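Asker: Sharing query_25.cif, mmCIF, C-alpha atoms:
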data_entry
loop_
_atom_site.label_atom_id
_atom_site.label_comp_id
_atom_site.auth_asym_id
_atom_site.auth_seq_id
_atom_site.Cartn_x
_atom_site.Cartn_y
_atom_site.Cartn_z
CA MET A 1 29.18 -9.04 3.89
CA PRO A 2 29.29 -12.32 5.81
CA ASP A 3 25.61 -12.10 6.83
CA PHE A 4 24.44 -12.67 3.25
CA THR A 5 24.62 -15.80 1.15
CA ASP A 6 26.17 -15.74 -2.32
CA ASP A 7 22.68 -15.90 -3.84
CA GLN A 8 21.51 -12.95 -1.73
CA LEU A 9 24.56 -10.91 -2.67
CA GLN A 10 23.77 -11.52 -6.32
CA ARG A 11 20.00 -11.01 -6.01
CA TYR A 12 20.28 -7.69 -4.18
CA SER A 13 23.57 -6.51 -5.68
CA ARG A 14 22.09 -3.40 -7.32
CA GLN A 15 20.65 -2.28 -3.97
CA LEU A 16 23.61 -3.25 -1.83
CA ILE A 17 25.90 -0.93 -3.76
CA LEU A 18 23.64 2.04 -2.97
CA ALA A 19 25.06 4.02 -0.06
CA GLU A 20 21.52 4.61 1.20
CA VAL A 21 20.89 0.86 1.41
CA GLY A 22 24.03 -1.22 1.88
CA GLY A 23 24.12 -4.25 4.13
CA GLU A 24 22.37 -2.56 7.05
CA GLY A 25 19.50 -1.36 4.87
CA GLN A 26 19.08 -4.75 3.25
CA ARG A 27 18.87 -6.37 6.67
CA ARG A 28 16.18 -3.85 7.62
CA LEU A 29 14.21 -4.83 4.54
CA GLN A 30 14.57 -8.52 5.36
CA GLN A 31 13.24 -7.90 8.86
CA ALA A 32 10.40 -5.61 7.78
CA LYS A 33 6.75 -6.65 7.97
CA VAL A 34 4.52 -4.95 5.41
CA LEU A 35 0.75 -5.45 5.05
CA VAL A 36 -0.72 -4.86 1.59
CA ILE A 37 -4.48 -4.37 1.75
CA GLY A 38 -5.83 -5.18 -1.69
CA ALA A 39 -4.33 -7.56 -4.26
CA GLY A 40 -5.59 -5.62 -7.27
CA GLY A 41 -4.28 -2.85 -9.50
CA LEU A 42 -2.38 -1.00 -6.76
CA GLY A 43 -1.49 -3.98 -4.60
CA SER A 44 0.04 -5.87 -7.52
CA PRO A 45 2.95 -3.53 -8.31
CA ALA A 46 3.36 -2.59 -4.65
CA ALA A 47 3.68 -6.21 -3.49
CA LEU A 48 5.85 -7.23 -6.44
CA TYR A 49 8.40 -4.48 -5.84
CA LEU A 50 8.41 -5.04 -2.09
CA ALA A 51 9.13 -8.75 -2.57
CA ALA A 52 11.74 -8.02 -5.22
CA ALA A 53 13.46 -5.57 -2.88
CA GLY A 54 13.80 -8.28 -0.25
CA VAL A 55 11.08 -7.34 2.23
CA GLY A 56 11.06 -10.39 4.44
CA HIS A 57 7.41 -10.54 5.51
CA ILE A 58 4.46 -9.47 3.38
CA GLY A 59 0.79 -9.85 4.31
CA ILE A 60 -1.89 -9.77 1.60
CA VAL A 61 -5.52 -8.95 2.41
CA ASP A 62 -8.24 -9.53 -0.17
CA SER A 63 -11.60 -11.31 -0.13
CA ASP A 64 -12.14 -11.50 -3.90
CA ALA A 65 -11.46 -14.11 -6.58
CA VAL A 66 -9.59 -13.34 -9.79
CA GLU A 67 -11.80 -12.24 -12.70
CA LEU A 68 -10.86 -11.90 -16.35
CA SER A 69 -11.50 -8.15 -16.22
CA ASN A 70 -8.82 -7.83 -13.51
CA LEU A 71 -5.95 -8.92 -15.75
CA GLN A 72 -5.68 -5.61 -17.63
CA ARG A 73 -4.02 -4.08 -14.55
CA GLN A 74 -3.65 -6.65 -11.73
CA LEU A 75 -0.30 -8.18 -12.59
CA LEU A 76 -0.12 -10.53 -9.61
CA HIS A 77 -2.57 -12.75 -11.49
CA THR A 78 -2.66 -14.58 -14.83
CA THR A 79 -5.37 -16.05 -17.02
CA ALA A 80 -4.86 -19.45 -15.36
CA ASP A 81 -5.77 -17.86 -12.00
CA VAL A 82 -9.28 -16.79 -13.03
CA GLY A 83 -11.72 -18.08 -10.43
CA THR A 84 -9.12 -18.62 -7.70
CA ALA A 85 -8.73 -16.51 -4.57
CA LYS A 86 -6.61 -13.42 -5.20
CA VAL A 87 -4.60 -13.97 -2.03
CA ASP A 88 -3.61 -17.47 -3.21
CA SER A 89 -2.65 -16.26 -6.66
CA ALA A 90 -0.71 -13.35 -5.15
CA ARG A 91 1.17 -15.63 -2.78
CA ARG A 92 2.23 -17.98 -5.59
CA THR A 93 3.46 -15.08 -7.70
CA LEU A 94 5.41 -13.39 -4.91
CA ILE A 95 7.09 -16.60 -3.76
CA ALA A 96 7.99 -17.45 -7.36
CA LEU A 97 9.61 -14.02 -7.61
CA ASN A 98 11.43 -14.24 -4.28
CA PRO A 99 11.29 -17.53 -2.35
CA GLU A 100 12.91 -15.84 0.65
CA THR A 101 9.86 -13.68 1.28
CA GLU A 102 7.33 -14.99 3.79
CA VAL A 103 3.85 -14.28 2.46
CA LEU A 104 0.84 -14.50 4.79
CA THR A 105 -2.66 -14.31 3.35
CA TYR A 106 -5.92 -12.96 4.75
CA PRO A 107 -8.89 -13.97 2.53
CA LEU A 108 -11.32 -11.66 4.27
CA ARG A 109 -13.02 -8.30 4.13
CA LEU A 110 -11.68 -5.92 6.73
CA THR A 111 -14.19 -4.56 9.23
CA SER A 112 -14.03 -2.51 12.40
CA GLN A 113 -14.08 -5.80 14.32
CA ASN A 114 -11.04 -7.43 12.67
CA ILE A 115 -8.78 -4.74 11.22
CA LEU A 116 -6.91 -3.87 14.40
CA GLY A 117 -5.96 -7.50 14.90
CA VAL A 118 -4.79 -7.88 11.30
CA ILE A 119 -2.58 -4.79 11.21
CA ALA A 120 -1.15 -5.32 14.71
CA ASP A 121 1.79 -7.52 13.66
CA TYR A 122 2.95 -5.28 10.81
CA ASP A 123 5.33 -2.32 10.74
CA ILE A 124 3.65 -0.41 7.93
CA VAL A 125 0.54 -0.75 5.76
CA VAL A 126 -0.12 -0.21 2.05
CA ASP A 127 -3.66 0.99 1.37
CA ALA A 128 -4.29 -0.52 -2.08
CA THR A 129 -8.07 -0.59 -1.82
CA ASP A 130 -10.58 0.64 -4.40
CA ASN A 131 -13.43 2.07 -2.32
CA HIS A 132 -13.94 4.96 0.06
CA PRO A 133 -15.28 3.10 3.12
CA ALA A 134 -12.20 0.87 3.17
CA ARG A 135 -9.86 3.87 2.89
CA PHE A 136 -11.46 5.61 5.86
CA LEU A 137 -11.45 2.38 7.88
CA ILE A 138 -7.74 1.85 7.17
CA ASN A 139 -6.94 5.46 8.04
CA ASP A 140 -8.82 5.36 11.33
CA ALA A 141 -7.37 1.99 12.35
CA CYS A 142 -3.81 3.01 11.49
CA VAL A 143 -4.08 6.39 13.25
CA LEU A 144 -5.54 4.81 16.37
CA SER A 145 -2.79 2.15 16.27
CA ARG A 146 -0.05 4.68 15.44
CA LYS A 147 0.71 2.60 12.36
CA PRO A 148 2.19 4.33 9.28
CA PHE A 149 0.61 3.67 5.90
CA ALA A 150 0.96 4.59 2.24
CA HIS A 151 -2.33 5.58 0.63
CA GLY A 152 -2.99 5.28 -3.09
CA SER A 153 -6.01 5.68 -5.33
CA VAL A 154 -6.68 5.70 -9.08
CA LEU A 155 -9.50 6.54 -11.48
CA ARG A 156 -9.47 6.81 -15.28
CA PHE A 157 -6.13 8.45 -16.17
CA GLU A 158 -5.25 9.86 -12.73
CA GLY A 159 -3.79 8.63 -9.48
CA GLN A 160 -2.96 9.99 -6.03
CA VAL A 161 -0.46 9.01 -3.35
CA MET A 162 0.12 10.22 0.21
CA THR A 163 2.03 8.75 3.13
CA ILE A 164 0.55 9.04 6.61
CA LEU A 165 2.72 8.93 9.72
CA PRO A 166 0.35 9.19 12.69
CA GLY A 167 1.48 11.83 15.15
CA GLU A 168 3.92 13.36 12.65
CA GLY A 169 1.65 14.70 9.92
CA PRO A 170 -1.90 14.90 8.60
CA CYS A 171 -4.05 11.82 8.08
CA TYR A 172 -6.47 10.96 5.28
CA ARG A 173 -9.35 12.60 7.18
CA CYS A 174 -7.41 15.86 7.26
CA LEU A 175 -7.78 15.77 3.47
CA PHE A 176 -11.27 14.26 3.25
CA GLU A 177 -13.13 14.45 6.56
CA GLN A 178 -15.98 12.08 5.67
CA PRO A 179 -16.62 9.43 2.99
CA PRO A 180 -18.72 10.72 0.08
CA PRO A 181 -22.35 9.59 -0.06
CA PRO A 182 -22.79 6.24 -1.84
CA GLY A 183 -23.06 6.70 -5.61
CA LEU A 184 -21.71 10.27 -5.66
CA LEU A 185 -18.32 9.33 -7.11
CA PRO A 186 -17.91 6.63 -9.77
CA SER A 187 -15.79 3.54 -9.20
CA CYS A 188 -13.19 2.18 -11.60
CA GLN A 189 -15.79 -0.37 -12.69
CA GLU A 190 -18.11 2.49 -13.66
CA ALA A 191 -15.64 5.08 -14.96
CA GLY A 192 -12.73 2.89 -16.08
CA VAL A 193 -9.00 3.07 -15.47
CA LEU A 194 -5.97 2.87 -17.74
CA GLY A 195 -4.12 -0.25 -16.61
CA ALA A 196 -0.70 1.38 -16.41
CA VAL A 197 -1.89 4.13 -14.02
CA PRO A 198 -2.19 1.89 -10.94
CA GLY A 199 1.18 0.48 -11.96
CA VAL A 200 2.72 3.93 -11.49
CA ILE A 201 0.87 4.67 -8.26
CA GLY A 202 1.47 1.25 -6.68
CA THR A 203 5.16 1.49 -7.51
CA ILE A 204 5.35 4.87 -5.77
CA GLN A 205 3.62 3.37 -2.74
CA ALA A 206 6.24 0.61 -2.64
CA THR A 207 8.98 3.23 -2.93
CA GLU A 208 7.54 5.15 0.02
CA VAL A 209 7.45 1.97 2.13
CA ILE A 210 11.03 1.06 1.24
CA LYS A 211 12.21 4.60 2.08
CA TRP A 212 10.41 4.43 5.42
CA VAL A 213 11.99 1.07 6.27
CA LEU A 214 15.42 2.39 5.33
CA GLY A 215 14.89 5.70 7.10
CA LYS A 216 16.06 7.55 4.00
CA GLY A 217 14.70 10.31 1.82
CA LYS A 218 11.72 12.63 2.08
CA LEU A 219 8.34 10.94 2.38
CA LEU A 220 5.02 12.19 1.02
CA VAL A 221 3.93 13.30 4.48
CA GLY A 222 1.67 16.34 4.29
CA ARG A 223 1.90 16.18 0.50
CA LEU A 224 -0.63 14.68 -1.90
CA LEU A 225 1.09 13.62 -5.12
CA ILE A 226 -1.27 13.73 -8.12
CA TYR A 227 -0.41 11.94 -11.37
CA ASP A 228 -2.08 12.89 -14.66
CA ALA A 229 -1.22 10.21 -17.20
CA LEU A 230 -2.88 11.89 -20.20
CA ASN A 231 -0.70 14.99 -19.90
CA LEU A 232 2.17 13.13 -18.18
CA GLU A 233 2.25 15.57 -15.28
CA PHE A 234 2.93 15.24 -11.59
CA ARG A 235 1.88 17.92 -9.13
CA GLN A 236 1.83 18.16 -5.36
CA VAL A 237 -0.79 19.63 -3.08
CA ALA A 238 0.17 20.58 0.47
CA VAL A 239 -2.08 18.91 3.05
CA PRO A 240 -1.92 20.65 6.44
CA ARG A 241 -2.82 18.83 9.62
CA ASN A 242 -6.36 19.75 10.62
CA PRO A 243 -6.58 20.56 14.36
CA ASP A 244 -10.31 19.73 14.14
CA CYS A 245 -9.74 16.38 12.42
CA PRO A 246 -12.17 13.83 13.93
CA VAL A 247 -9.46 11.19 14.32
CA CYS A 248 -6.06 12.92 14.68
CA GLY A 249 -7.10 16.42 15.80
CA GLU A 250 -6.75 18.08 19.16
CA ARG A 251 -10.15 16.82 20.32
CA PRO A 252 -10.87 13.70 18.26
CA SER A 253 -14.45 12.45 18.09
CA ILE A 254 -13.36 9.06 16.71
CA THR A 255 -11.59 7.21 19.50
CA GLU A 256 -12.67 3.68 18.60
CA LEU A 257 -13.71 1.90 15.43
CA THR A 258 -17.36 1.38 14.57
CA ASP A 259 -19.16 0.33 11.40
#
So that I can check it, write out the structure of this file as structure tokens.
Answerer:
Amino acid sequence: MPDFTDDQLQRYSRQLILAEVGGEGQRRLQQAKVLVIGAGGLGSPAALYLAAAGVGHIGIVDSDAVELSNLQRQLLHTTADVGTAKVDSARRTLIALNPETEVLTYPLRLTSQNILGVIADYDIVVDATDNHPARFLINDACVLSRKPFAHGSVLRFEGQVMTILPGEGPCYRCLFEQPPPPGLLPSCQEAGVLGAVPGVIGTIQATEVIKWVLGKGKLLVGRLLIYDALNLEFRQVAVPRNPDCPVCGERPSITELTD
């Protein structure tokens, strides 16, 4: 494999020997541009495994600073990072893991005014956010931009994952048409979360992204994967495409982003 250095051959040796990856797949990973929105419990394992796999360009979006309460599950950060911007801490960790990965940071809160510009340069998006308005904003922006994304969410001992390929399957609004009213559903801050649960879900999100880049395997398109950590069970729920979906249906009512 003359295109790889000796260090690269050693670093990625366990992937290169996989028939589904090989040299061509590894080059695809090196050329891929993945945007991780959220450098918390889901974004940590997702970004770490993407960098470890050799994804060449990773963007990290987060407007928060590291807090002590984050460290139970947000493994991109350490105690020494408390008080620093999450995107800076994440960048240091990812580059320390794989210096070949280019890491761009966006220390901002995504809005309808800026999200389309942020996601434009990326091939695929990881939705690693922790609130409903952000999830719907990411869905709408990615569907309107025809940008694939891997959705994940966690609460208490459970997590969910689904991959959205605009134009090829249902979107997040086919599953949940509108955000719930504020205060109806508790957040992780209010209800808690077992730290290892976002580790499982974020790792699955990274796996979905890697499969998409490689063009291998069956993605979670039209399938919501639900993980129950207490009973150690996985189950899948079929998610059909809704012809009346306000963003990806036959007559969409959402044709541009608004707050």
Asker: Counting all atoms listed in the file, what are the residues of stretch 79-171 of chain A within 6 Å of stretch 51-67 of chain A, and for each of them which pair of atoms is the nearest and at what distance in Å, to one decimal? Sort the table by chain and rising number, as a tab-separated table.
Answerer:
residue	atom	partner	partner_atom	distance
A:Val82	CA	A:Val66	CA	4.7
A:Gly83	CA	A:Val66	CA	5.2
A:Thr84	CA	A:Ala65	CA	5.2
A:Ala85	CA	A:Ala65	CA	4.2
A:Lys86	CA	A:Ala65	CA	5.1
A:Thr101	CA	A:Gly56	CA	4.7
A:Glu102	CA	A:His57	CA	4.8
A:Val103	CA	A:Ile58	CA	4.9
A:Leu104	CA	A:Gly59	CA	4.7
A:Thr105	CA	A:Ile60	CA	4.9
A:Tyr106	CA	A:Val61	CA	4.7
A:Pro107	CA	A:Ser63	CA	4.6
A:Leu108	CA	A:Ser63	CA	4.4
A:Arg109	CA	A:Ser63	CA	5.4
Asker: Rank nothing, just name the residue among A:Ile115, A:Leu94, A:Leu230, A:Lys211 nearest to A:Phe157, using all atoms listed in the file.
Answerer: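 Once distances to A:Phe157 are computed over all atoms listed in the file, the minimum belongs to A:Leu230.
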Asker: Considering all atoms listed in the file, can you say which of A:Arg28, A:Arg251, A:His77, A:Arg156 comes closest to A:Gly40?
Answerer: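 Smallest separation from A:Gly40 among the options: A:His77.
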Asker: For A:Pro133, which residue among A:Thr78, A:Gly167, A:Arg173, A:Thr255 is the nearest when counting all atoms listed in the file?
Answerer: A:Arg173
Asker: Expand the PyMOL selection byres ((chain A and resi 34) around 7) into the individual residues it matches in the shown file, reporting them as a PyMOL selection string.
Answerer: chain A and resi 32-33+35-36+57-59+122-125
Asker: Once you count all atoms listed in the file, which residues end up no further than 12 Å from (-20.2, 7.3, -3.1) in the file's frame, shown as a list in words?
Answerer: Asp130, Asn131, His132, Pro133, Gln178, Pro179, Pro180, Pro181, Pro182, Gly183, Leu184, Leu185, Pro186, Ser187 and Glu190 of chain A
Asker: If you count all atoms listed in the file, which residues fall within 10 Å of A:Gly199, apart from same-chain ones fewer than 5 positions away, as a count of residues only?
Answerer: 14
Asker: Using the chain letters and numbers from this file, what does the PyMOL selection byres ((chain A and resi 242) around 10) select? Give the answer as a ChimeraX atom specification.
Answerer: /A:169-171,173-175,177,239-241,243-250
Asker: Between atom CA of A:Asn139 and atom CA of A:Glu168, what is the distance, to one decimal in Å?
Answerer: 14.2 Å
Asker: Please, what distance in Å, to one decimal, runs between atom CA of A:Leu219 and atom CA of A:Arg235?
Answerer: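 Separation of atom CA of A:Leu219 and atom CA of A:Arg235: 14.9 Å.
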